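Novice: For reference, the file final-v5.pdb (PDB, C-alpha atoms and all ligand atoms) is included below:
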```
ATOM      1  CA  MET A   8      14.244  59.850 -35.088
ATOM      2  CA  ALA A   9      13.767  61.573 -38.389
ATOM      3  CA  VAL A  10      12.633  58.452 -40.256
ATOM      4  CA  GLY A  11      10.067  57.609 -37.629
ATOM      5  CA  GLN A  12       8.725  61.107 -37.555
ATOM      6  CA  ARG A  13       8.323  61.329 -41.285
ATOM      7  CA  PHE A  14       6.752  57.885 -41.646
ATOM      8  CA  GLU A  15       4.542  58.455 -38.649
ATOM      9  CA  ARG A  16       3.389  61.614 -40.290
ATOM     10  CA  GLY A  17       2.633  59.732 -43.497
ATOM     11  CA  VAL A  18       0.664  57.111 -41.570
ATOM     12  CA  ASN A  19      -1.224  59.750 -39.597
ATOM     13  CA  VAL A  20      -2.178  61.491 -42.789
ATOM     14  CA  THR A  21      -3.609  58.270 -44.221
ATOM     15  CA  GLY A  22      -5.357  57.566 -40.938
ATOM     16  CA  ALA A  23      -6.829  61.051 -40.826
ATOM     17  CA  ALA A  24      -8.159  60.713 -44.348
ATOM     18  CA  GLU A  25      -9.940  57.468 -43.399
ATOM     19  CA  ALA A  26     -11.363  59.009 -40.234
ATOM     20  CA  VAL A  27     -12.704  61.887 -42.282
ATOM     21  CA  ARG A  28     -14.371  59.539 -44.748
ATOM     22  CA  GLU A  29     -15.980  57.593 -41.906
ATOM     23  CA  SER A  30     -17.405  60.614 -40.105
ATOM     24  CA  GLU A  31     -18.280  62.393 -43.364
ATOM     25  CA  ALA A  32     -16.869  65.592 -41.903
ATOM     26  CA  THR A  33     -17.383  68.574 -44.133
ATOM     27  CA  THR A  34     -14.550  70.972 -43.277
ATOM     28  CA  VAL A  35     -11.267  69.242 -43.924
ATOM     29  CA  GLU A  36      -7.933  70.678 -45.005
ATOM     30  CA  PRO A  37      -7.039  69.022 -48.318
ATOM     31  CA  LEU A  38      -3.895  66.879 -48.200
ATOM     32  CA  SER A  39      -0.855  68.842 -49.287
ATOM     33  CA  GLN A  40       1.343  67.478 -52.086
ATOM     34  CA  GLU A  41       3.944  66.677 -49.463
ATOM     35  CA  ASP A  42       1.472  64.729 -47.333
ATOM     36  CA  VAL A  43       0.454  62.662 -50.346
ATOM     37  CA  ALA A  44       4.128  61.960 -51.102
ATOM     38  CA  LEU A  45       4.738  60.959 -47.490
ATOM     39  CA  SER A  46       1.819  58.554 -47.502
ATOM     40  CA  HIS A  47       3.290  56.951 -50.648
ATOM     41  CA  MET A  48       6.589  56.601 -48.835
ATOM     42  CA  ALA A  49       5.064  54.841 -45.851
ATOM     43  CA  ALA A  50       4.598  51.964 -48.296
ATOM     44  CA  GLU A  51       8.244  52.220 -49.519
ATOM     45  CA  PRO A  52      10.320  52.184 -46.327
ATOM     46  CA  ASP A  53      13.748  51.874 -47.977
ATOM     47  CA  LEU A  54      13.367  54.968 -50.051
ATOM     48  CA  LEU A  55      16.290  57.396 -50.253
ATOM     49  CA  VAL A  56      14.593  60.012 -52.412
ATOM     50  CA  ARG A  57      11.377  60.380 -54.360
ATOM     51  CA  LEU A  58      10.851  62.862 -57.167
ATOM     52  CA  GLU A  59       7.124  63.423 -57.150
ATOM     53  CA  ASN A  60       5.485  64.783 -60.309
ATOM     54  CA  VAL A  61       8.406  67.121 -60.904
ATOM     55  CA  THR A  62       8.498  69.439 -63.903
ATOM     56  CA  VAL A  63      11.265  71.824 -64.945
ATOM     57  CA  ARG A  64      10.958  74.893 -67.128
ATOM     58  CA  TYR A  65      14.140  76.856 -67.779
ATOM     59  CA  GLY A  66      13.607  80.591 -68.258
ATOM     60  CA  LYS A  67      10.388  82.554 -68.528
ATOM     61  CA  GLY A  68       8.004  83.724 -71.204
ATOM     62  CA  PRO A  69       7.949  82.613 -74.833
ATOM     63  CA  SER A  70      11.636  81.693 -74.864
ATOM     64  CA  ALA A  71      11.298  79.305 -71.879
ATOM     65  CA  THR A  72      12.380  75.690 -72.368
ATOM     66  CA  GLU A  73      10.109  72.939 -71.067
ATOM     67  CA  ALA A  74      12.775  70.447 -70.025
ATOM     68  CA  LEU A  75      10.762  67.934 -68.009
ATOM     69  CA  SER A  76       7.093  66.837 -68.153
ATOM     70  CA  PRO A  77       5.598  65.607 -64.856
ATOM     71  CA  THR A  78       7.934  62.844 -63.774
ATOM     72  CA  THR A  79       7.895  60.571 -60.764
ATOM     73  CA  LEU A  80      10.924  58.510 -59.778
ATOM     74  CA  SER A  81      11.490  56.567 -56.567
ATOM     75  CA  VAL A  82      15.089  55.819 -55.682
ATOM     76  CA  PRO A  83      15.394  53.083 -53.038
ATOM     77  CA  LYS A  84      18.568  52.846 -50.959
ATOM     78  CA  GLY A  85      21.265  50.760 -52.602
ATOM     79  CA  ASP A  86      19.654  50.755 -56.052
ATOM     80  CA  PHE A  87      21.561  51.344 -59.288
ATOM     81  CA  ILE A  88      19.372  53.207 -61.772
ATOM     82  CA  ALA A  89      20.424  54.225 -65.278
ATOM     83  CA  LEU A  90      18.688  57.070 -67.123
ATOM     84  CA  VAL A  91      18.802  56.810 -70.910
ATOM     85  CA  GLY A  92      17.079  58.822 -73.628
ATOM     86  CA  PRO A  93      17.635  61.199 -76.509
ATOM     87  CA  SER A  94      19.984  64.123 -76.101
ATOM     88  CA  GLY A  95      18.308  67.100 -74.428
ATOM     89  CA  CYS A  96      15.494  65.040 -72.874
ATOM     90  CA  GLY A  97      16.248  66.160 -69.319
ATOM     91  CA  LYS A  98      18.540  63.432 -67.939
ATOM     92  CA  SER A  99      21.057  65.864 -66.433
ATOM     93  CA  THR A 100      18.145  67.975 -65.230
ATOM     94  CA  LEU A 101      16.836  64.973 -63.259
ATOM     95  CA  LEU A 102      20.269  64.540 -61.637
ATOM     96  CA  LYS A 103      20.345  68.227 -60.693
ATOM     97  CA  LEU A 104      16.920  67.845 -59.070
ATOM     98  CA  ALA A 105      18.003  64.768 -57.099
ATOM     99  CA  SER A 106      21.068  66.654 -55.835
ATOM    100  CA  GLU A 107      18.961  69.741 -54.997
ATOM    101  CA  LEU A 108      21.176  71.895 -57.191
ATOM    102  CA  LEU A 109      17.951  72.780 -58.984
ATOM    103  CA  SER A 110      14.414  73.253 -57.657
ATOM    104  CA  PRO A 111      11.535  71.852 -59.683
ATOM    105  CA  THR A 112       9.148  74.279 -61.356
ATOM    106  CA  SER A 113       6.331  72.173 -59.918
ATOM    107  CA  GLY A 114       6.125  68.940 -57.973
ATOM    108  CA  GLN A 115       8.488  68.120 -55.160
ATOM    109  CA  ILE A 116      11.483  66.131 -54.053
ATOM    110  CA  VAL A 117      11.198  64.269 -50.797
ATOM    111  CA  PHE A 118      13.997  62.782 -48.705
ATOM    112  CA  PRO A 119      12.115  60.629 -46.183
ATOM    113  CA  GLU A 120      14.947  60.504 -43.654
ATOM    114  CA  CYS A 121      15.596  64.237 -43.502
ATOM    115  CA  ARG A 122      13.831  66.549 -41.132
ATOM    116  CA  HIS A 123      12.579  69.927 -42.325
ATOM    117  CA  GLY A 124      15.323  72.538 -42.211
ATOM    118  CA  GLU A 125      18.126  69.993 -41.852
ATOM    119  CA  ALA A 126      20.840  69.394 -44.381
ATOM    120  CA  SER A 127      19.620  66.612 -46.622
ATOM    121  CA  ILE A 128      21.518  63.638 -47.984
ATOM    122  CA  LYS A 129      25.212  63.618 -48.899
ATOM    123  CA  VAL A 130      25.772  63.512 -52.637
ATOM    124  CA  GLY A 131      28.828  62.506 -54.688
ATOM    125  CA  MET A 132      29.114  63.442 -58.363
ATOM    126  CA  ALA A 133      31.250  62.575 -61.349
ATOM    127  CA  PHE A 134      30.972  63.928 -64.881
ATOM    128  CA  GLN A 135      32.448  63.209 -68.295
ATOM    129  CA  SER A 136      35.352  65.625 -67.746
ATOM    130  CA  SER A 137      37.304  64.520 -64.723
ATOM    131  CA  THR A 138      37.433  67.983 -63.033
ATOM    132  CA  LEU A 139      40.517  66.947 -61.029
ATOM    133  CA  LEU A 140      42.602  69.933 -59.974
ATOM    134  CA  PRO A 141      45.870  69.821 -61.949
ATOM    135  CA  TRP A 142      48.032  71.342 -59.205
ATOM    136  CA  LEU A 143      47.052  68.710 -56.621
ATOM    137  CA  THR A 144      48.300  65.134 -56.461
ATOM    138  CA  ILE A 145      45.797  62.342 -57.042
ATOM    139  CA  ARG A 146      45.719  61.654 -53.289
ATOM    140  CA  ASP A 147      44.995  65.304 -52.472
ATOM    141  CA  ASN A 148      42.360  65.489 -55.199
ATOM    142  CA  VAL A 149      40.548  62.486 -53.757
ATOM    143  CA  MET A 150      40.946  63.946 -50.240
ATOM    144  CA  LEU A 151      39.283  67.214 -51.269
ATOM    145  CA  PRO A 152      35.655  66.385 -50.292
ATOM    146  CA  LEU A 153      36.885  65.445 -46.808
ATOM    147  CA  LYS A 154      38.233  68.984 -46.445
ATOM    148  CA  ILE A 155      34.979  70.541 -47.638
ATOM    149  CA  VAL A 156      31.962  68.359 -46.777
ATOM    150  CA  ARG A 157      30.419  68.262 -43.306
ATOM    151  CA  PRO A 158      31.024  66.567 -40.917
ATOM    152  CA  PHE A 159      34.419  65.595 -42.334
ATOM    153  CA  ARG A 160      35.822  69.105 -42.557
ATOM    154  CA  GLN A 161      35.598  69.599 -38.788
ATOM    155  CA  HIS A 162      37.435  66.301 -38.260
ATOM    156  CA  TYR A 163      39.973  67.251 -40.889
ATOM    157  CA  ARG A 164      40.669  70.440 -39.019
ATOM    158  CA  ALA A 165      40.885  68.412 -35.813
ATOM    159  CA  LYS A 166      43.968  66.809 -37.286
ATOM    160  CA  ARG A 167      42.565  63.488 -38.369
ATOM    161  CA  LYS A 168      44.505  63.744 -41.608
ATOM    162  CA  GLY A 169      46.248  60.405 -41.064
ATOM    163  CA  GLU A 170      42.945  58.580 -40.769
ATOM    164  CA  PHE A 171      41.657  60.305 -43.893
ATOM    165  CA  ARG A 172      44.809  59.488 -45.787
ATOM    166  CA  ASP A 173      44.263  55.790 -44.987
ATOM    167  CA  ARG A 174      40.693  56.038 -46.233
ATOM    168  CA  VAL A 175      41.812  57.672 -49.493
ATOM    169  CA  ASP A 176      44.616  55.157 -50.015
ATOM    170  CA  ALA A 177      42.223  52.228 -49.457
ATOM    171  CA  LEU A 178      39.970  53.597 -52.201
ATOM    172  CA  LEU A 179      42.898  54.208 -54.563
ATOM    173  CA  GLU A 180      44.119  50.676 -53.953
ATOM    174  CA  GLN A 181      40.660  49.283 -54.721
ATOM    175  CA  VAL A 182      40.738  50.889 -58.182
ATOM    176  CA  GLY A 183      44.438  50.057 -58.825
ATOM    177  CA  LEU A 184      45.747  53.612 -58.447
ATOM    178  CA  LEU A 185      47.692  53.514 -55.204
ATOM    179  CA  ASP A 186      51.043  53.580 -57.026
ATOM    180  CA  PHE A 187      49.930  56.827 -58.687
ATOM    181  CA  ALA A 188      48.757  58.584 -55.513
ATOM    182  CA  ASP A 189      51.626  61.100 -55.603
ATOM    183  CA  LYS A 190      51.302  61.904 -59.309
ATOM    184  CA  ASN A 191      49.409  64.856 -60.724
ATOM    185  CA  PRO A 192      46.331  64.316 -62.906
ATOM    186  CA  TRP A 193      48.167  65.268 -66.117
ATOM    187  CA  GLN A 194      50.529  62.344 -65.546
ATOM    188  CA  LEU A 195      47.632  59.849 -65.786
ATOM    189  CA  SER A 196      45.685  58.391 -68.727
ATOM    190  CA  GLY A 197      42.029  59.337 -69.286
ATOM    191  CA  GLY A 198      40.846  56.047 -67.778
ATOM    192  CA  MET A 199      43.033  56.504 -64.694
ATOM    193  CA  MET A 200      41.739  60.037 -64.227
ATOM    194  CA  GLN A 201      38.170  58.752 -64.289
ATOM    195  CA  ARG A 202      39.074  56.101 -61.696
ATOM    196  CA  ALA A 203      40.414  58.883 -59.475
ATOM    197  CA  ASN A 204      37.275  60.878 -60.205
ATOM    198  CA  LEU A 205      35.092  57.977 -58.999
ATOM    199  CA  CYS A 206      37.189  57.738 -55.833
ATOM    200  CA  ARG A 207      36.728  61.454 -55.195
ATOM    201  CA  ALA A 208      32.959  61.115 -55.693
ATOM    202  CA  LEU A 209      32.824  58.244 -53.162
ATOM    203  CA  VAL A 210      35.371  59.223 -50.511
ATOM    204  CA  HIS A 211      32.888  61.017 -48.228
ATOM    205  CA  GLU A 212      30.551  57.976 -48.385
ATOM    206  CA  PRO A 213      27.696  59.773 -50.123
ATOM    207  CA  ASP A 214      24.138  58.545 -49.718
ATOM    208  CA  LEU A 215      23.627  59.133 -53.424
ATOM    209  CA  LEU A 216      26.193  58.887 -56.229
ATOM    210  CA  LEU A 217      25.260  60.877 -59.345
ATOM    211  CA  LEU A 218      27.163  59.993 -62.506
ATOM    212  CA  ASP A 219      26.576  62.052 -65.651
ATOM    213  CA  GLU A 220      28.073  60.212 -68.634
ATOM    214  CA  PRO A 221      31.254  59.558 -66.633
ATOM    215  CA  PHE A 222      32.846  57.330 -69.276
ATOM    216  CA  GLY A 223      31.601  59.194 -72.352
ATOM    217  CA  ALA A 224      35.036  60.413 -73.397
ATOM    218  CA  LEU A 225      36.843  57.077 -73.043
ATOM    219  CA  ASP A 226      37.610  54.482 -75.711
ATOM    220  CA  GLN A 227      35.536  51.283 -75.679
ATOM    221  CA  PHE A 228      38.100  49.037 -73.940
ATOM    222  CA  THR A 229      38.881  51.549 -71.205
ATOM    223  CA  ARG A 230      35.171  52.167 -70.743
ATOM    224  CA  GLU A 231      34.495  48.457 -70.234
ATOM    225  CA  GLU A 232      37.308  48.281 -67.652
ATOM    226  CA  LEU A 233      35.709  51.182 -65.838
ATOM    227  CA  TRP A 234      32.293  49.446 -65.836
ATOM    228  CA  SER A 235      33.915  46.621 -63.933
ATOM    229  CA  THR A 236      35.599  49.068 -61.525
ATOM    230  CA  LEU A 237      32.325  50.865 -60.901
ATOM    231  CA  GLN A 238      30.443  47.596 -60.358
ATOM    232  CA  ASP A 239      33.098  46.495 -57.824
ATOM    233  CA  LEU A 240      32.872  49.819 -55.984
ATOM    234  CA  TRP A 241      29.085  49.619 -55.928
ATOM    235  CA  LEU A 242      29.058  46.017 -54.691
ATOM    236  CA  ALA A 243      31.622  46.792 -51.980
ATOM    237  CA  ARG A 244      30.169  50.097 -50.803
ATOM    238  CA  LYS A 245      26.436  49.625 -51.401
ATOM    239  CA  ALA A 246      26.094  53.162 -52.683
ATOM    240  CA  THR A 247      22.858  54.305 -54.304
ATOM    241  CA  VAL A 248      23.621  55.277 -57.890
ATOM    242  CA  LEU A 249      21.860  57.333 -60.557
ATOM    243  CA  LEU A 250      23.786  57.006 -63.825
ATOM    244  CA  VAL A 251      23.110  59.029 -66.968
ATOM    245  CA  THR A 252      24.498  57.397 -70.077
ATOM    246  CA  HIS A 253      24.131  57.391 -73.853
ATOM    247  CA  ASP A 254      25.540  53.889 -73.966
ATOM    248  CA  LEU A 255      22.771  51.292 -73.686
ATOM    249  CA  ARG A 256      25.308  48.471 -73.156
ATOM    250  CA  GLU A 257      26.750  50.428 -70.247
ATOM    251  CA  ALA A 258      23.252  50.796 -68.769
ATOM    252  CA  GLY A 259      22.517  47.076 -69.267
ATOM    253  CA  TYR A 260      25.812  45.957 -67.751
ATOM    254  CA  LEU A 261      25.689  48.229 -64.713
ATOM    255  CA  ALA A 262      22.119  48.988 -63.703
ATOM    256  CA  ASN A 263      19.405  47.243 -61.694
ATOM    257  CA  ARG A 264      16.819  49.438 -63.399
ATOM    258  CA  ILE A 265      16.896  51.345 -66.660
ATOM    259  CA  CYS A 266      14.566  54.322 -67.016
ATOM    260  CA  VAL A 267      14.003  55.228 -70.656
ATOM    261  CA  MET A 268      13.060  58.865 -71.156
ATOM    262  CA  SER A 269      11.039  60.447 -73.935
ATOM    263  CA  ALA A 270      12.303  63.310 -76.085
ATOM    264  CA  ARG A 271      11.985  66.780 -74.564
ATOM    265  CA  PRO A 272      10.054  67.651 -72.517
ATOM    266  CA  GLY A 273      11.245  64.416 -70.961
ATOM    267  CA  ARG A 274       9.289  61.915 -68.939
ATOM    268  CA  ILE A 275       9.970  58.302 -68.023
ATOM    269  CA  LEU A 276       8.487  56.088 -70.746
ATOM    270  CA  GLU A 277       9.601  52.818 -69.270
ATOM    271  CA  ASP A 278      11.211  51.669 -66.022
ATOM    272  CA  ARG A 279      12.802  48.292 -66.802
ATOM    273  CA  THR A 280      14.226  45.911 -64.169
ATOM    274  CA  ILE A 281      17.538  44.343 -65.222
ATOM    275  CA  ALA A 282      17.948  40.976 -63.574
ATOM    276  CA  PHE A 283      21.352  39.698 -64.817
ATOM    277  CA  ARG A 284      23.271  38.034 -61.975
ATOM    278  CA  ARG A 285      26.106  39.884 -60.202
ATOM    279  CA  PRO A 286      28.965  40.264 -60.457
ATOM    280  CA  ARG A 287      28.464  40.778 -64.173
ATOM    281  CA  GLU A 288      31.221  39.955 -66.632
ATOM    282  CA  ILE A 289      31.658  41.564 -70.023
ATOM    283  CA  ASP A 290      30.607  38.246 -71.607
ATOM    284  CA  ILE A 291      26.982  38.863 -70.637
ATOM    285  CA  THR A 292      26.886  41.721 -73.142
ATOM    286  CA  PHE A 293      27.197  39.113 -75.935
ATOM    287  CA  SER A 294      24.357  36.905 -74.621
ATOM    288  CA  SER A 295      21.096  36.801 -76.579
ATOM    289  CA  ASP A 296      19.082  38.105 -73.596
ATOM    290  CA  PHE A 297      21.374  41.115 -73.344
ATOM    291  CA  VAL A 298      21.316  41.824 -77.082
ATOM    292  CA  THR A 299      17.489  41.603 -77.080
ATOM    293  CA  LEU A 300      17.357  44.023 -74.158
ATOM    294  CA  ILE A 301      19.555  46.539 -75.986
ATOM    295  CA  GLN A 302      17.463  46.225 -79.161
ATOM    296  CA  ASP A 303      14.262  46.818 -77.156
ATOM    297  CA  LEU A 304      15.684  49.899 -75.456
ATOM    298  CA  ARG A 305      17.042  51.242 -78.722
ATOM    299  CA  GLY A 306      13.627  50.732 -80.331
ATOM    300  CA  LEU A 307      11.937  52.691 -77.529
ATOM    301  CA  ILE A 308      14.331  55.605 -77.949
ATOM    302  CA  MET A 309      14.445  55.647 -81.755
ATOM    303  CA  HIS A 310      10.701  55.307 -82.324
ATOM    304  CA  GLN A 311       9.763  58.454 -80.501
ATOM    305  CA  PRO A 312       8.071  61.299 -82.361
ATOM    306  CA  ARG A 313      10.739  63.374 -84.087
ATOM    307  CA  GLY A 314      10.884  67.139 -83.999
ATOM    308  CA  LEU A 315      11.072  67.457 -80.223
ATOM    309  CA  ASN A 316      14.666  66.435 -79.874
ATOM    310  CA  ASP A 317      17.027  69.392 -79.655
ATOM    311  CA  ASP A 318      19.771  67.608 -81.467
ATOM    312  CA  ASP A 319      17.758  66.464 -84.487
TER
HETATM  313  N1  LIG A 401      20.398  76.204 -67.549
HETATM  314  C1  LIG A 401      19.609  76.015 -68.625
HETATM  315  N2  LIG A 401      18.958  77.042 -69.208
HETATM  316  C2  LIG A 401      18.147  76.863 -70.263
HETATM  317  N3  LIG A 401      17.911  75.666 -70.839
HETATM  318  C3  LIG A 401      18.525  74.603 -70.299
HETATM  319  C4  LIG A 401      19.410  74.706 -69.171
HETATM  320  N4  LIG A 401      19.885  73.474 -68.864
HETATM  321  C5  LIG A 401      19.319  72.641 -69.745
HETATM  322  N5  LIG A 401      18.520  73.302 -70.598
HETATM  323  C6  LIG A 401      17.708  72.708 -71.678
HETATM  324  O1  LIG A 401      16.844  71.753 -71.083
HETATM  325  C7  LIG A 401      16.753  70.587 -71.876
HETATM  326  C8  LIG A 401      17.202  69.382 -71.056
HETATM  327  O2  LIG A 401      18.584  69.539 -70.756
HETATM  328  P1  LIG A 401      19.461  68.379 -70.079
HETATM  329  O3  LIG A 401      18.820  67.981 -68.818
HETATM  330  O4  LIG A 401      20.850  68.894 -70.003
HETATM  331  O5  LIG A 401      19.331  67.201 -71.170
HETATM  332  P2  LIG A 401      20.146  65.832 -71.315
HETATM  333  O6  LIG A 401      21.060  65.710 -70.135
HETATM  334  O7  LIG A 401      19.110  64.763 -71.404
HETATM  335  O8  LIG A 401      20.897  65.944 -72.611
HETATM  336  C9  LIG A 401      17.617  70.853 -73.105
HETATM  337  O9  LIG A 401      16.769  71.327 -74.132
HETATM  338  C10 LIG A 401      18.562  71.930 -72.665
HETATM  339  O10 LIG A 401      18.946  72.733 -73.749
HETATM  340 MG    MG A 402      23.150  65.732 -70.037
END
```
How would this structure read if it were set down as C-alpha cells?
Ligand SMILES: Nc1ncnc2c1ncn2[C@@H]1O[C@H](COP(=O)(O)OP(=O)(O)O)[C@@H](O)[C@H]1O
Ligand SMILES: [Mg+2]
Specialist:
Amino acid sequence: MAVGQRFERGVNVTGAAEAVRESEATTVEPLSQEDVALSHMAAEPDLLVRLENVTVRYGKGPSATEALSPTTLSVPKGDFIALVGPSGCGKSTLLKLASELLSPTSGQIVFPECRHGEASIKVGMAFQSSTLLPWLTIRDNVMLPLKIVRPFRQHYRAKRKGEFRDRVDALLEQVGLLDFADKNPWQLSGGMMQRANLCRALVHEPDLLLLDEPFGALDQFTREELWSTLQDLWLARKATVLLVTHDLREAGYLANRICVMSARPGRILEDRTIAFRRPREIDITFSSDFVTLIQDLRGLIMHQPRGLNDDD
C-alpha cells in the first residue's frame, strides 16, 4: 500500500543513515530533500500533507516578488488550521501550494499517502465570492464536482445520478438549504450562497478543504451563523481544513491551530494550539480566555516591522 511504501522508505532512509555512521563509510549519496521529509513523516503517521521549507517567488529578475520565506507546515488528517497575517503575506499562496495549483520555487510538498506519478489528494475549495453558476439550480451547482472529479465522473456517467442527488440533498439539508435546492443562486441571500458554496466544496468528500476568506463579504451576524454551520460540517465529516481569514475571532472560534504569518515575504511566526471545547458556541468569543487570545494574536500581527506589507 502507498502509505506503507512511503513510510517504509522513510524508515529505511533513517536506518541507512545510521548504518553509514556505524561503518564510517566514505562514499554515500547525500539524503535528498524528499528523503529527509519522508523521515520526518515516519514520526508523524497521521499526516495528510507537509510543506517542507517551501518558498515562492512570483516572476523573475528585479521585478520578482518574494511572497514566501522558507516555511514548513504539517497538516495532520482531520485538523482545522487557520492562517492569519497581514494582507499580502502569502496566505493564499500557501493554499495554492497545498492544492498543487502552484509549485514552490524551492522546498517541497509531500503527500505521504500518494505514490509517485499518481493523482494526489482530493481538494475542495471555497472563496469569498461564491462562484456558483447563475444558470444552474443550487442542487446542480452542488452536484457539479461529482460530474467533474474522478472517480465520481465515471459513476455519474454510469447513471448513478439518483444516488448523487441523495448525497447532495443530504448536504443541503444539513445546512438548511434543502427547500432552496431548485432555486438559482441569484434567488438566495449572500449567506445562503456561501452555505451552498461550502456544500459544493465538500460534496466529493475532499481530503483537504481549502477556504480562502469564505465569509469575508458577509455581515457579522450572517458570518457567525456560518461559523456554526462550518463547525457542524467539520465535526460531522471530519474533513481536514486550511482556512485563511482576516477575522481573528473567526480563527479562534473555528480552528484547532492558528498559524500567524509575518509580513511579506511571509513565514509562520507562531503556531498556536486552540483548546476551547467543541462544539463551540458564540458565547465563548466573549470569555476572557478568548479575548486574551485575540489580543495576543492581534499584537503579533500589528507589532511586525512596517514597510514590508503591500497594503501599508
Ligand atoms: N500571480 C502573482 N504574480 C505576482 N505576484 C503575486 C501573484 N500572486 C500573489 N502575488 C504577490 O505575492 C504576495 C502574496 O500574495 P497572497 O498569497 O495573495 O497574499 P495574502 O493572501 O496573504 O493576501 C503579494 O505581494 C502579492 O501581490
Ligand atoms: Mg489572499
Novice: Atom CA of A:Gln238 and atom CA of A:Pro83, how far apart in Å?
Specialist: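 Those two atoms sit 17.6 Å apart.
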Novice: Would you list the contacts of A:Ser127 as a ChimeraX atom specification, taking every protein, DNA or RNA residue within 9 Å and counting only C-alpha atoms, but skipping same-chain residues closer than 5 positions in sequence?
Specialist: /A:107,118,120-122
Novice: Determine the residue set returned by the PyMOL selection byres (((not hetatm)) within 8 of (chain A and resi 402)) for the present structure, and present it as JSON, numbers by chain.
Specialist: {"A": [94, 95, 97, 98, 99, 100, 219, 220, 251]}
Novice: Just the number, please: distance in Å from atom CA of A:Pro111 to atom CA of A:Pro213, one decimal.
Specialist: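 Rounded to one decimal, the two atoms are 22.3 Å apart.
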Novice: I need the residue set behind the PyMOL selection byres (((not hetatm)) within 12 of (chain A and resi 401)) for this file; please write it as a ChimeraX atom specification.
Specialist: /A:62-67,70-76,90-104,108-110,134-135,218-220,250-253,267-275,315-319
Novice: Pick from A:Ile308, A:Ile291, A:Ile128, A:Val82: nearest to A:Arg157, with all atoms listed in the file counted?
Specialist: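 The answer is A:Ile128, which sits nearest to A:Arg157.
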Novice: Just checking: using all atoms listed in the file, which residue out of A:Thr144, A:Pro158, A:Thr79, A:Arg207 ends up closest to A:Phe187?
Specialist: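 Under the stated criterion, the closest residue is A:Thr144.
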Novice: Which value, in Å to one decimal, gives the distance between atom CA of A:Asn60 and atom CA of A:Thr78?
Specialist: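 That distance, rounded to one decimal, is 4.7 Å.
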Novice: Tell me which of A:Asp214, A:Asp186, A:Asp147, A:Asp254 sits closest to A:Leu54, counting all atoms listed in the file.
Specialist: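 Once distances to A:Leu54 are computed over all atoms listed in the file, the minimum belongs to A:Asp214.
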Novice: Check the smallest atom-to-atom distance from each of A:Lys190, A:Lys168, A:His211, A:Arg57 to A:Gly131 using all atoms listed in the file, then report the winner.
Specialist: A:His211
Novice: Using all atoms listed in the file, which of the listed residues (A:Pro141, A:Leu276, A:Thr236, A:Met150) sits closest to A:Ala208?
Specialist: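 Closest to A:Ala208 of all the choices is A:Met150.
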Novice: From the list A:Leu58, A:Cys206, A:Leu215, A:Leu261, which residue is nearest A:Leu139 when using only C-alpha atoms?
Specialist: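 Answer, going by the shortest atom-to-atom distance: A:Cys206.
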Novice: Extract, using only C-alpha atoms, all DNA, RNA and protein residues at most 8 Å from stretch 169-183 of chain A, discarding same-chain residues fewer than 6 positions from it, and format them as a list in words.
Specialist: Arg146, Val149, Met150, Leu153, Tyr163, Arg202, Ala203, Cys206, Val210, Thr236 and Leu240 of chain A
Novice: Can I get the selected residues back with C-alpha atoms, as a PDB file, in the frame of the given file?
Specialist:
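And here's out.pdb as it stands now:
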```
ATOM      1  CA  ARG A 146      45.719  61.654 -53.289  1.00  0.00           C
ATOM      2  CA  VAL A 149      40.548  62.486 -53.757  1.00  0.00           C
ATOM      3  CA  MET A 150      40.946  63.946 -50.240  1.00  0.00           C
ATOM      4  CA  LEU A 153      36.885  65.445 -46.808  1.00  0.00           C
ATOM      5  CA  TYR A 163      39.973  67.251 -40.889  1.00  0.00           C
ATOM      6  CA  ARG A 202      39.074  56.101 -61.696  1.00  0.00           C
ATOM      7  CA  ALA A 203      40.414  58.883 -59.475  1.00  0.00           C
ATOM      8  CA  CYS A 206      37.189  57.738 -55.833  1.00  0.00           C
ATOM      9  CA  VAL A 210      35.371  59.223 -50.511  1.00  0.00           C
ATOM     10  CA  THR A 236      35.599  49.068 -61.525  1.00  0.00           C
ATOM     11  CA  LEU A 240      32.872  49.819 -55.984  1.00  0.00           C
TER      12      LEU A 240
END
```
Novice: Go ahead and fit an axis-aligned box to every listed atom of stretch 73-78 of chain A plus 5 Å each side, and pass me the centre and edge lengths in Å, one decimal, as AutoDock Vina command-line options.
Specialist:
```
--center_x 9.2 --center_y 67.9 --center_z -67.4 --size_x 17.2 --size_y 20.1 --size_z 17.3
```
Novice: For the file shown, what are the residues hit by the PyMOL selection byres (((chain A and resi 289) around 9) and not hetatm), laid out as an MDAnalysis selection string?
Specialist: chainID A and resid 231 234:235 260 287:288 290:293
Novice: What's the 9 Å shell around A:Arg256, counting all atoms listed in the file, without same-chain residues fewer than 6 positions away, as an mmCIF file with C-alpha atoms, in the coordinates of the input?
Specialist:
```cif
data_model
loop_
_atom_site.group_PDB
_atom_site.id
_atom_site.type_symbol
_atom_site.label_atom_id
_atom_site.label_comp_id
_atom_site.auth_asym_id
_atom_site.auth_seq_id
_atom_site.Cartn_x
_atom_site.Cartn_y
_atom_site.Cartn_z
ATOM 1 C CA THR A 292 26.886 41.721 -73.142
ATOM 2 C CA PHE A 297 21.374 41.115 -73.344
ATOM 3 C CA VAL A 298 21.316 41.824 -77.082
ATOM 4 C CA ILE A 301 19.555 46.539 -75.986
#
```
